[in-house]
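> Submitted below is the structure of interest, expressed as structure tokens.
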Amino acid sequence: MTHDLILQHVGKHVSLEKEEAAYFISLLQEVKVPKKGLVLKEGQLCKTISFVNAGALRAYHINKEGKETTVMFALPDWWITDMFCFIHLRPAILNIEAIESSSIFQLKKDDLDTLYLKVPKFERFFRILMQNAYIREQLRMIEKLSLPAEERYIHFLDKYPLIAEKITQKQIASYLGITPEFLSTIRANRAKRIIS
């Protein structure tokens, strides 16, 4: 597995010396995940953060009634974890599964803490990632509270055109916070407008 994508990704925010890049790579664990394979299971101690090198992942939560809510997706060049549980080394409250066969690089929490000390540039790098993630989630929450479901669906298709083809209608609906039946109605109405 090549490290080109993850090094390009880091290079967008910080410039690494060869030795720093080599040390960072030495901390990464390569993992191949089959379609529907779990990277993280609810209740399992969350010790790693994952970078998607190829494929796509989905994080979701299952409530006490068994209802599934998709929290986020991760495409190549994205990071994913159960952030609260990762930072505090707690049992996961999310499940993370592969939408398709995927290859990821995992970084352990202990190794990340050591990385911060040995290569302080990574504190800046991960701070930028966290800021961007916070902004993305804030905007998503505002969108969920203020936009009609159809507009949220259109935004989803614009943001995740490849994922929309690979997942079920139920998974899309759970991400948008609507029922699969309501999503069917939205899609049918859109199709009618496109045809006419």
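Every chain in the structure tokens has a letter given in the order shown (A, B, ...), and although residue numbers restart at 1 in each chain, ligands are simply numbered from 1 in the order shown.
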List as CSV every residue of stretch 13-38 of chain A that is in contact with stretch 80-100 of chain A, defined as an atom at most 12 Å from one of its atoms (using only C-alpha atoms), together with the nearest atom pair and the distance in Å rounded to one decimal, sorted by chain and then rising number.


residue,atom,partner,partner_atom,distance
A:Val31,CA,A:Ala98,CA,11.6
A:Lys32,CA,A:Ala98,CA,9.8
A:Val33,CA,A:Ala98,CA,6.5
A:Pro34,CA,A:Ala98,CA,6.7
A:Lys35,CA,A:Glu100,CA,4.2
A:Lys36,CA,A:Ala98,CA,5.0
A:Gly37,CA,A:Glu97,CA,5.5
A:Leu38,CA,A:Glu97,CA,4.3

> Dump N, CA and C atoms for the selected residues as an mmCIF file, in the first residue's frame?


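Here's the written file out20.cif:
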data_model
loop_
_atom_site.group_PDB
_atom_site.id
_atom_site.type_symbol
_atom_site.label_atom_id
_atom_site.label_comp_id
_atom_site.auth_asym_id
_atom_site.auth_seq_id
_atom_site.Cartn_x
_atom_site.Cartn_y
_atom_site.Cartn_z
ATOM 1 N N VAL A 31 -4.489 -1.508 7.081
ATOM 2 C CA VAL A 31 -5.569 -2.465 7.299
ATOM 3 C C VAL A 31 -6.447 -2.512 6.057
ATOM 4 N N LYS A 32 -6.764 -3.714 5.595
ATOM 5 C CA LYS A 32 -7.718 -3.883 4.499
ATOM 6 C C LYS A 32 -9.033 -4.358 5.111
ATOM 7 N N VAL A 33 -10.113 -3.709 4.717
ATOM 8 C CA VAL A 33 -11.427 -3.994 5.302
ATOM 9 C C VAL A 33 -12.379 -4.431 4.194
ATOM 10 N N PRO A 34 -12.959 -5.632 4.311
ATOM 11 C CA PRO A 34 -13.918 -6.068 3.285
ATOM 12 C C PRO A 34 -15.215 -5.273 3.377
ATOM 13 N N LYS A 35 -15.980 -5.286 2.303
ATOM 14 C CA LYS A 35 -17.286 -4.616 2.305
ATOM 15 C C LYS A 35 -18.115 -5.123 3.480
ATOM 16 N N LYS A 36 -18.710 -4.207 4.212
ATOM 17 C CA LYS A 36 -19.522 -4.459 5.411
ATOM 18 C C LYS A 36 -18.692 -4.886 6.619
ATOM 19 N N GLY A 37 -17.363 -4.939 6.461
ATOM 20 C CA GLY A 37 -16.495 -5.242 7.595
ATOM 21 C C GLY A 37 -16.454 -4.072 8.558
ATOM 22 N N LEU A 38 -16.347 -4.379 9.844
ATOM 23 C CA LEU A 38 -16.329 -3.331 10.864
ATOM 24 C C LEU A 38 -14.890 -2.921 11.196
#

> Select from stretch 82-172 of chain A every residue with an atom at most 8 Å from any atom of stretch 176-185 of chain A, then for each give the shortest pair of atoms and their distance in Å to one decimal, using only C-alpha atoms, rows by chain and rising number, as a Markdown table.


| residue | atom | partner | partner_atom | distance |
| --- | --- | --- | --- | --- |
| A:Lys144 | CA | A:Leu176 | CA | 7.5 |
| A:Ala149 | CA | A:Leu176 | CA | 7.4 |
| A:Arg152 | CA | A:Leu176 | CA | 6.8 |
| A:Tyr153 | CA | A:Leu176 | CA | 7.0 |
| A:Gln169 | CA | A:Pro180 | CA | 6.2 |
| A:Lys170 | CA | A:Pro180 | CA | 5.2 |
| A:Ile172 | CA | A:Leu176 | CA | 6.3 |

> Give the answer as one residue: which of A:Tyr60, A:Trp79, A:Ser102, A:Ile186 has the shortest atom-to-atom distance to A:Asn132, using only C-alpha atoms?

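Among A:Tyr60, A:Trp79, A:Ser102, A:Ile186, it is A:Trp79 that comes nearest to A:Asn132.
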
> As a PyMOL selection string, which residues of chain A does DSSP assign to alpha helix (DSSP H)?

chain A and resi 4-11+18-27+83-88+109-118+121-146+149-159+161-166+169-176+180-195

> Show which residues sit within 10 Å of A:Ser174, as a VMD selection string. Count only C-alpha atoms, and ignore same-chain residues fewer than 6 positions away.

chain A and resid 60 to 61 67 to 71 168 180 183

> Give me every strand (DSSP E or B) residue in chain A, going by DSSP on the backbone, as a count of residues only.

43

> To one decimal place, how far is atom CA of A:Leu145 from atom CA of A:Ala164 in Å?

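Between atom CA of A:Leu145 and atom CA of A:Ala164 the gap works out to 21.9 Å.
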